[in-house]
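*Asks:* One structure coming up, written as structure tokens, with questions to follow.
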Amino acid sequence: MATLRLHPLRLKLSNWVIIALSAAILPLCFASVTLSQSSDNDNPNPLELTAPDPLLPSLSPDEPLNPSERSRLKQALDELNAQAQAEFKAGNQSKAFDIWYREIRLRRVLGDPVAEVQTLGRVGGVAWNENNKQSVQLITARLEEIQQENEAEDSINLPLLKALGKAYEQIRVPGQALTVYEQILADARNQEDMAGVEATLKTMGELHMAWFDYPKAAETYEELLAQAQNQAQNQRDVPLEPLRDRINEEVAYLQELAYIYDQDQQPDQALPKKQQLVDIYLNQGNDTQIPALKIAIASDYNALNQPEKASQTYQEAYSLAWSLQQFAHASEALQPLAELYLTSKQPEFALQVYEVLLQVEQQSYNYYGLMNTYDKIGQTYLDMNNYPQALAAFQKGLDLAESLQHREAYFVNKIQLVNRENL
């Protein structure tokens with residue numbers, strides 16, 4: 001094994017800056033709008049039934065459909081959806097949406113708001129994907145109307161709320177969706193339905209993540225984690241399989257939280273989650289997951305300006321990765337460790353790390369890695385005004401560059417620079 005014999009860091013690192021490269025382009029979000037009823041008979045709301053439809057029997061508007069009529073109408077509506085899909089696939093979008101509008105209008109006649117909301121969500125999702133703003137606005141307004149009618153009722157219609165939440169997701173109106181899910185969550189809490197609480201929190205967490213609301217996502221997943229940990233603790237004496245499922249859930253929530261805190265640039269919050277993951281993997285004997293986590297933890301220590309702990313953790317990550325023949329992770333641990341010593345003005349220790357890194361790259365036949373490491377060694381010696389050693393390192397880098405046909409000019413320039421400096 002390529003061993004490291006490094007003295008502990010004594011100098012305090014300064015000016016550590018976390019650079020978070022994040023290009024998060026939010027999807028187009030259509031604002032929720034309330035459409036006014038037009039008095040212009042030439043532009044009626046296509047979701048409102050304003051004229052008799054051939055699919056409806058000649059009945060009084062207040063007279064309900066009998067079971068046979070309802071069954072025939074449901075079948076006809078499914079056929080309308082199939083026709084609309086066929087027109088859409090054929091490129092006739094305007095005609096497809098006209099048919100879908102008719103389907104939605106007739107769904108209202110059935111008096112089944114859940115089915116209507118599901119249809120609104122399905123059609124609205126297509127409209128959003130096609131950037132059909134007018135259709136999305138019409139559908140959003142109708143969903144809001146149904147939501148207001150539901151809120152006016154004395155009792156909670158849970159199936160309708162779930163359908164509304166899903167529909168708002170489909171048309172990308174996260175604020176309204178979350179409002180609905182909050183109602184569902186409150187009802188699940190009142191009913192002491194822990195499975196319902198967990199399922200709703202998962203949905204809300206995913207929605208927060210989809211819209212890059214990391215603080216809210218963290219709050220949601222922290223609650224999910226606490227719930228999973230409590231249940232796992234209470235199930236220590238139950239059969240192994242349910243306990244394993246709970247621990248797997250705990251791992252999933254810890255991974256999600258570590259990612260969230262990384263994205264939100266909160267290393268002080270991310271670090272303990274990663275350490276908890278390490279502890280779980282150690283208890284499971286799952287060492288293969290640990291080197292990458294150790295590297296991430298060391299990076300957090302760097303960000304928190306704790307170089308001693310960062311150095312120790314990088315070395316632990318390297319040692320375990322080497323023993324597991326995870327040479328890529330071994331290299332990933334050594335490179336920032338060397339940089340740590342360089343930043344601490346301890347180039348001699350950095351060179352020791354680079355020498356070990358050469359062995360790792362050789363073991364994994366990573367010739368590009370070897371070339372880059374020789375470049376780092378050469379630059380370090382050059383900064384120390386040790387020109388013979390710098391020249392030797394750059395020459396080895398050039399030899400590799402020529403064999404790879406990559407960066408030859410760079411190393412030639414470096415060698416020329418050393419020769420000029422050495423005059």
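Here's how to read the names in the structure tokens: chain A, B, ... by the order shown, residue numbers from 1 in each chain, ligand numbers from 1 in the order shown.
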Please extract the residues of region 94-279 of chain A with a backbone DSSP assignment of alpha helix (DSSP H) and present them as a ChimeraX atom specification.
*Replies:* /A:94-109,113-129,133-151,158-170,174-190,194-210,214-234,240-263,267-279
*Asks:* Sort by chain and increasing residue number a table of all residues of region 294-330 of chain A within 12 Å of region 261-272 of chain A, each with its closest pair of atoms and their distance in Å to one decimal, counting only C-alpha atoms, and write it as JSON lines.
*Replies:*
{"residue": "A:Lys294", "atom": "CA", "partner": "A:Leu271", "partner_atom": "CA", "distance": 9.8}
{"residue": "A:Ile295", "atom": "CA", "partner": "A:Leu271", "partner_atom": "CA", "distance": 10.9}
{"residue": "A:Ala296", "atom": "CA", "partner": "A:Leu271", "partner_atom": "CA", "distance": 8.1}
{"residue": "A:Ile297", "atom": "CA", "partner": "A:Leu271", "partner_atom": "CA", "distance": 5.7}
{"residue": "A:Ala298", "atom": "CA", "partner": "A:Leu271", "partner_atom": "CA", "distance": 8.7}
{"residue": "A:Ser299", "atom": "CA", "partner": "A:Pro267", "partner_atom": "CA", "distance": 8.5}
{"residue": "A:Asp300", "atom": "CA", "partner": "A:Pro267", "partner_atom": "CA", "distance": 5.1}
{"residue": "A:Tyr301", "atom": "CA", "partner": "A:Pro267", "partner_atom": "CA", "distance": 7.8}
{"residue": "A:Asn302", "atom": "CA", "partner": "A:Pro267", "partner_atom": "CA", "distance": 9.3}
{"residue": "A:Ala303", "atom": "CA", "partner": "A:Pro267", "partner_atom": "CA", "distance": 6.8}
{"residue": "A:Leu304", "atom": "CA", "partner": "A:Pro267", "partner_atom": "CA", "distance": 7.0}
{"residue": "A:Asn305", "atom": "CA", "partner": "A:Pro267", "partner_atom": "CA", "distance": 10.7}
{"residue": "A:Gln306", "atom": "CA", "partner": "A:Asp268", "partner_atom": "CA", "distance": 11.3}
{"residue": "A:Lys309", "atom": "CA", "partner": "A:Leu271", "partner_atom": "CA", "distance": 12.0}
{"residue": "A:Ala310", "atom": "CA", "partner": "A:Leu271", "partner_atom": "CA", "distance": 11.5}
{"residue": "A:Thr313", "atom": "CA", "partner": "A:Leu271", "partner_atom": "CA", "distance": 11.9}
*Asks:* Kindly export the residues of the current selection with C-alpha atoms, as a CSV table (one decimal), in the first residue's frame.
*Replies:*
chain,number,residue,atom,x,y,z
A,294,LYS,CA,-15.3,10.8,3.7
A,295,ILE,CA,-14.0,13.0,0.8
A,296,ALA,CA,-17.3,15.0,1.0
A,297,ILE,CA,-16.9,15.4,4.8
A,298,ALA,CA,-13.3,16.6,4.4
A,299,SER,CA,-14.5,19.1,1.9
A,300,ASP,CA,-17.0,20.4,4.4
A,301,TYR,CA,-14.3,20.7,7.0
A,302,ASN,CA,-12.3,22.8,4.4
A,303,ALA,CA,-15.3,25.0,3.9
A,304,LEU,CA,-15.6,25.4,7.7
A,305,ASN,CA,-12.0,26.4,8.0
A,306,GLN,CA,-11.0,23.3,9.9
A,309,LYS,CA,-9.9,17.7,10.5
A,310,ALA,CA,-10.0,18.1,6.8
A,313,THR,CA,-10.4,12.9,6.9
*Asks:* Find the residues around Gln229 (chain A) up to 9 Å (only C-alpha atoms counted), leave out those fewer than 5 positions away in its own chain, and share them as a list of chain:residue names.
*Replies:*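 Skipping anything fewer than 5 positions along the chain leaves A:Leu224, A:Asn234, A:Arg246, A:Ile247, A:Glu249, A:Glu250.
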*Asks:* Could those residues be written to a file, using C-alpha atoms, as a PDB file, in the first residue's frame?
*Replies:*
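again.pdb written:
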ATOM      1  CA  LEU A 224     -39.252  12.663   7.478  1.00  0.00           C
ATOM      2  CA  ASN A 234     -39.184   1.526  18.124  1.00  0.00           C
ATOM      3  CA  ARG A 246     -36.842   1.732   8.018  1.00  0.00           C
ATOM      4  CA  ILE A 247     -33.057   2.005   8.046  1.00  0.00           C
ATOM      5  CA  GLU A 249     -35.567   5.043   4.489  1.00  0.00           C
ATOM      6  CA  GLU A 250     -33.335   6.755   7.024  1.00  0.00           C
TER       7      GLU A 250
END
*Asks:* Find the residues around Ile415 (chain A) up to 12 Å (only C-alpha atoms counted), leave out those fewer than 3 positions away in its own chain, and share them as a PyMOL selection string.
*Replies:* chain A and resi 375+378-379+382+387-399+408-412+418-422
*Asks:* Name the residues in contact with Asp287 (chain A) at a cut-off of 10 Å, using only C-alpha atoms, excluding same-chain residues fewer than 3 positions from it; report them as a ChimeraX atom specification.
*Replies:* /A:278,281-284,290-291,320-321,324
*Asks:* Give me, as a ChimeraX atom specification, all polymer residues having an atom no more than 9 Å from Leu65 (chain A), counting only C-alpha atoms and skipping those fewer than 4 positions away in the same chain.
*Replies:* /A:57,59,69-70,109-110
*Asks:* Let me make sure I understand: among A:Glu332, A:Gly369, A:Val251, A:Lys345, which one has the smallest atom-to-atom distance to Lys273 (chain A) if we use only C-alpha atoms?
*Replies:*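 Checking each candidate against Lys273 (chain A), we get A:Val251 as the closest.
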*Asks:* Point out the residue among A:Thr343, A:Thr119, A:Asn131, A:Gln325 with the least atom-to-atom distance to Gln93 (chain A), counting only C-alpha atoms.
*Replies:*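 Using only C-alpha atoms, Gln93 (chain A) sits closest to A:Asn131.
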*Asks:* Nearest residue to Glu79 (chain A) out of A:Asn366, A:Arg102, A:Pro64, A:Asn45, using only C-alpha atoms?
*Replies:*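 Once distances to Glu79 (chain A) are computed over only C-alpha atoms, the minimum belongs to A:Arg102.
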*Asks:* Separation of CA of Leu73 (chain A) and CA of Leu56 (chain A), in Å?
*Replies:*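 These two atoms are separated by 7.7 Å.
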*Asks:* Please list as a PyMOL selection string every residue within 9 Å of Leu207 (chain A), counting only C-alpha atoms and excluding residues in the same chain fewer than 3 positions away.
*Replies:* chain A and resi 169+174+177-178+202-204+210-213+217
*Asks:* How many Å separate CA of Pro113 (chain A) from CA of Ala163 (chain A)?
*Replies:*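 Separation of CA of Pro113 (chain A) and CA of Ala163 (chain A): 9.2 Å.
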*Asks:* Separation of CA of Glu355 (chain A) and CA of His406 (chain A), in Å?
*Replies:*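 Separation between CA of Glu355 (chain A) and CA of His406 (chain A): 22.3 Å.
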*Asks:* Set out as a tab-separated table a contact list for region 50-116 of chain A and region 134-139 of chain A with a cut-off of 10 Å, giving each residue of region 50-116 of chain A that qualifies its closest atom pair and distance in Å to one decimal, counting only C-alpha atoms, ordered by chain and rising residue number.
*Replies:*
residue	atom	partner	partner_atom	distance
A:Phe97	CA	A:Ser135	CA	8.3
A:Tyr101	CA	A:Ser135	CA	9.3
A:Ile104	CA	A:Ile139	CA	9.7
*Asks:* Return the single residue from A:Leu143, A:Thr380, A:Ala401, A:Gln83 that is closest to Asp98 (chain A), with distances computed using only C-alpha atoms.
*Replies:*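 Closest candidate: A:Gln83.
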